[in-house]
Amino acid sequence: MNILVVGNGGREHAIAYWLSKSMPSGSKLYCVPGNPGISVIAECAGIKAEPEPVAAFAKEKQIDFAVIGPEAPLCAGVSDALREIGVAVFGPSKEAAQLEGSKDFAKQFMVKYGIPTAKYQTFTEEAPALDYVNAEYDANRAVVVKADGLAAGKGVIVAENRQMALDAVKECFGGAFGKAGARVVIEELLEGEEASILALTDGKTIIPLASSQDHKRLLDGDMGPNTGGMGAYSPAPVVTDELMATVKELVLDRFLTGVKAENLFYRGVIYAGIMVTKDGPKVLEFNVRFGDPETQAVLSRLDSSLCDALYKTAVGEVDKIDLVWSKDTTVCVVLASGGYPGTIDKGHVITGLENAWKAGAYVFHAGTADESGKVVNSGGRVLGVTVRGQGIADAIKKVYEIVPMIKFAGMQYRKDIAHRALERLDK
Ligand code: AMP
Ligand code: GLY
């Protein structure tokens, strides 16, 4: 089987790595555009992750099966273009990808199918949006302002008070997020602990994957600015069996009902970002792809074949998938460049990668580049150091023994990944 992975982040390295361990013998793995970590296990080609070039590449390489990692190619229709030429694709259609590509589309879907979520209102003009904030929110109440479209994870502003919300609305309509901010969703703040629930679906059957938790803030203690994700662990003890059953019933099953009723072509993974509130779980957002860095943690606990699971999803046989999860806990610590999430300090040689692998970590590359045979940092999130441990305390100890083996100038990382899981153990 010729297999293609689309994307170049830590998530795609994790997907490619576990595919390479589980694909049928004689298979060949390709990746566009890939990164230096992925190039160890797959043939990478520096072409754009857009419908036409990817379809042309797939034809040339006689690709049988493709896995699309990030949201941008899904929203651009890469999966549709590949399906048209007969490739089995893990990734929803362009139409279904609006569940991530438009927050208003997602909110309307949630309301229509009774999926619990924050109260909201959508606006296409500034003046009525400002009036709404003034009328609905007291001066000191927090409000969440979201650019409707894809904004590389930066389009959500959690405003601590009304004035900040008014400023955020003006920022969105003023063009801070380009076209993504031409429509603005204003919603109530949800309070609680977050968890990521991923599920495989082919539009007929839906099966949850192991739970995980991301760490969105840059600094220890969940302080500092929001980032793409500074670390993750799996399972997340906040997701008890009872909570998972509730999420299955109120979120995943209703999601599937909506997908069927709206005739959306959906074969891939749905990621529900959940806030566990005192009134039960509510959906913060839907993503139409695997989470990053949740994937690094979740897939590193899968003992059954990833290739089999993703392929069966792509061909509409989710009912035949048998997932086996390890009892181990995984922790992934993201090593970021200096300056991240602002302007980054890049081009520094990274050392210690091999030692970290030898010590038992999966070192997934994200923002790395090859410069004359040396691996350097080239993006905000550079590496995701992932380990398996026997329980959360063991995994944390192991990962933080290995992380300091890796070095590059300006490197920063959180020292408290999985702290919430540890706190729960202590209770
Ligand atoms: P989103 O892209 O919609 O998931 O938003 C990114 C992050 O913003 C989420 O993971 C939450 O941390 C935060 N967030 C989004 N919506 C809300 C909300 N209604 N209440 C509280 N936090 C939110
Ligand atoms: N880890 C958050 C995301 O993938 O959107």
# chains A, B, ... in the order shown; residues from 1 in each chain; ligands from 1

$ residues_around --residues "Cys332 (chain A)" --least-positions-apart "4" --cutoff "7 Å" --atoms "only C-alpha atoms" --output "PyMOL selection string"
chain A and resi 231-233+296-297+384-387

$ write_last_selection --atoms "N, CA, C and O atoms" --output "CSV table (one decimal), in the first residue's frame"
chain,number,residue,atom,x,y,z
A,231,GLY,N,1.8,21.1,25.7
A,231,GLY,CA,2.0,19.8,26.2
A,231,GLY,C,0.7,19.1,26.3
A,231,GLY,O,-0.4,19.7,26.3
A,232,ALA,N,0.7,17.8,26.4
A,232,ALA,CA,-0.5,17.0,26.6
A,232,ALA,C,-0.2,15.7,27.3
A,232,ALA,O,0.9,15.3,27.4
A,233,TYR,N,-1.3,15.1,27.8
A,233,TYR,CA,-1.1,13.8,28.4
A,233,TYR,C,-2.4,13.0,28.2
A,233,TYR,O,-3.5,13.5,27.9
A,296,GLN,N,0.1,13.3,19.8
A,296,GLN,CA,1.4,12.7,20.1
A,296,GLN,C,1.2,11.8,21.4
A,296,GLN,O,1.7,10.7,21.5
A,297,ALA,N,0.4,12.3,22.3
A,297,ALA,CA,0.1,11.6,23.6
A,297,ALA,C,-0.8,10.4,23.3
A,297,ALA,O,-0.6,9.3,23.7
A,384,GLY,N,8.0,17.7,20.2
A,384,GLY,CA,7.1,17.2,21.2
A,384,GLY,C,7.7,15.9,21.8
A,384,GLY,O,7.7,14.9,21.2
A,385,VAL,N,8.3,16.0,23.0
A,385,VAL,CA,9.0,14.9,23.6
A,385,VAL,C,7.9,14.1,24.4
A,385,VAL,O,7.3,14.6,25.3
A,386,THR,N,7.7,12.8,23.9
A,386,THR,CA,6.6,12.0,24.4
A,386,THR,C,7.1,10.7,25.0
A,386,THR,O,8.0,10.0,24.4
A,387,VAL,N,6.7,10.4,26.2
A,387,VAL,CA,7.1,9.2,26.8
A,387,VAL,C,5.8,8.4,27.4
A,387,VAL,O,4.8,9.0,27.6

$ residues_near_ligand --ligand "ligand 2" --cutoff "9 Å" --atoms "only C-alpha atoms and all ligand atoms" --output "number ranges by chain"
A: 11, 70, 153, 196, 213-216, 227-232, 271, 273, 285-287, 289-295

$ residues_around --residues "Val87 (chain A)" --least-positions-apart "5" --cutoff "6 Å" --atoms "only C-alpha atoms" --output "JSON list (two decimals) with all heavy atoms, in the first residue's frame"
[["chain", "number", "residue", "atom", "x", "y", "z"],
["A", 64, "ASP", "N", -2.61, 4.94, -2.49],
["A", 64, "ASP", "CA", -3.85, 4.20, -2.24],
["A", 64, "ASP", "C", -4.65, 4.84, -1.11],
["A", 64, "ASP", "O", -5.87, 4.78, -1.08],
["A", 64, "ASP", "CB", -3.53, 2.75, -1.82],
["A", 64, "ASP", "CG", -2.68, 2.05, -2.85],
["A", 64, "ASP", "OD1", -3.19, 1.84, -3.96],
["A", 64, "ASP", "OD2", -1.50, 1.74, -2.56],
["A", 65, "PHE", "N", -3.90, 5.39, -0.15],
["A", 65, "PHE", "CA", -4.54, 5.81, 1.11],
["A", 65, "PHE", "C", -3.86, 7.09, 1.61],
["A", 65, "PHE", "O", -2.62, 7.16, 1.61],
["A", 65, "PHE", "CB", -4.37, 4.65, 2.11],
["A", 65, "PHE", "CG", -4.71, 4.96, 3.53],
["A", 65, "PHE", "CD1", -5.83, 5.71, 3.87],
["A", 65, "PHE", "CD2", -3.92, 4.46, 4.57],
["A", 65, "PHE", "CE1", -6.14, 5.98, 5.19],
["A", 65, "PHE", "CE2", -4.22, 4.72, 5.90],
["A", 65, "PHE", "CZ", -5.33, 5.48, 6.20],
["A", 82, "LEU", "N", -8.61, 14.27, -3.60],
["A", 82, "LEU", "CA", -8.00, 12.93, -3.59],
["A", 82, "LEU", "C", -9.05, 11.84, -3.80],
["A", 82, "LEU", "O", -8.83, 10.87, -4.51],
["A", 82, "LEU", "CB", -7.25, 12.70, -2.27],
["A", 82, "LEU", "CG", -5.96, 13.50, -2.10],
["A", 82, "LEU", "CD1", -5.40, 13.32, -0.70],
["A", 82, "LEU", "CD2", -4.92, 13.07, -3.14]]

$ atom_distance --atom1 "CA of Gly26 (chain A)" --atom2 "CA of Gly7 (chain A)"
23.0 Å

$ residues_near_ligand --ligand "ligand 1" --cutoff "8 Å" --atoms "only C-alpha atoms and all ligand atoms" --output "list in words"
Lys103, Thr117, Ala118, Val143, Val144, Lys146, Gly153, Lys154, Gly155, Val156, Ile157, Val158, Glu187, Glu188, Leu189, Leu190, Glu191, Glu194, Lys216, Asn226, Gly273, Met275, Leu284, Glu285 and Phe286 of chain A

$ write_last_selection --atoms "C-alpha atoms" --output "PDB file, in the first residue's frame"
ATOM      1  CA  LYS A 103     -17.372  28.959  14.202  1.00  0.00           C
ATOM      2  CA  THR A 117     -22.386  24.689  24.130  1.00  0.00           C
ATOM      3  CA  ALA A 118     -22.017  28.290  25.337  1.00  0.00           C
ATOM      4  CA  VAL A 143     -16.972  37.579  27.448  1.00  0.00           C
ATOM      5  CA  VAL A 144     -15.453  35.457  24.690  1.00  0.00           C
ATOM      6  CA  LYS A 146     -14.157  34.766  18.301  1.00  0.00           C
ATOM      7  CA  GLY A 153      -5.419  29.338  16.672  1.00  0.00           C
ATOM      8  CA  LYS A 154      -5.267  33.074  17.381  1.00  0.00           C
ATOM      9  CA  GLY A 155      -8.848  34.112  16.673  1.00  0.00           C
ATOM     10  CA  VAL A 156     -10.268  33.538  20.162  1.00  0.00           C
ATOM     11  CA  ILE A 157     -10.106  36.373  22.674  1.00  0.00           C
ATOM     12  CA  VAL A 158     -11.155  35.591  26.218  1.00  0.00           C
ATOM     13  CA  GLU A 187     -20.294  33.953  23.519  1.00  0.00           C
ATOM     14  CA  GLU A 188     -20.533  33.484  27.245  1.00  0.00           C
ATOM     15  CA  LEU A 189     -17.473  32.378  29.184  1.00  0.00           C
ATOM     16  CA  LEU A 190     -17.544  28.771  30.313  1.00  0.00           C
ATOM     17  CA  GLU A 191     -15.754  27.838  33.500  1.00  0.00           C
ATOM     18  CA  GLU A 194     -10.902  21.467  29.639  1.00  0.00           C
ATOM     19  CA  LYS A 216      -2.837  26.036  26.014  1.00  0.00           C
ATOM     20  CA  ASN A 226      -2.386  31.268  24.703  1.00  0.00           C
ATOM     21  CA  GLY A 273     -12.892  20.586  22.826  1.00  0.00           C
ATOM     22  CA  MET A 275     -15.259  22.362  29.083  1.00  0.00           C
ATOM     23  CA  LEU A 284     -15.991  24.898  23.203  1.00  0.00           C
ATOM     24  CA  GLU A 285     -15.159  24.050  19.623  1.00  0.00           C
ATOM     25  CA  PHE A 286     -15.133  21.323  17.040  1.00  0.00           C
TER      26      PHE A 286
END

$ residues_around --residues "Val185 (chain A)" --least-positions-apart "3" --cutoff "8 Å" --atoms "only C-alpha atoms" --output "PDB file with C-alpha atoms, in the first residue's frame"
ATOM      1  CA  LYS A 103     -17.372  28.959  14.202  1.00  0.00           C
ATOM      2  CA  ASP A 104     -20.832  30.237  13.283  1.00  0.00           C
ATOM      3  CA  TYR A 120     -23.812  32.951  21.584  1.00  0.00           C
ATOM      4  CA  GLN A 121     -24.732  35.458  18.935  1.00  0.00           C
ATOM      5  CA  THR A 122     -23.065  36.025  15.528  1.00  0.00           C
ATOM      6  CA  PHE A 123     -22.496  39.417  13.895  1.00  0.00           C
ATOM      7  CA  VAL A 145     -15.013  37.029  21.247  1.00  0.00           C
ATOM      8  CA  LYS A 146     -14.157  34.766  18.301  1.00  0.00           C
ATOM      9  CA  ALA A 147     -13.246  35.483  14.706  1.00  0.00           C
ATOM     10  CA  ASP A 148     -15.483  33.177  12.668  1.00  0.00           C
TER      11      ASP A 148
END

$ select_by_dssp --residues "region 7-246 of chain A" --states "strand (DSSP E)" --output "PyMOL selection string"
chain A and resi 7+28-33+43-44+65-68+88-90+120-123+143-147+156-159+184-188+193-201+206-208+213-214+217-219+223-226+231-234

$ atom_distance --atom1 "CA of Phe177 (chain A)" --atom2 "CA of Met164 (chain A)"
16.7 Å
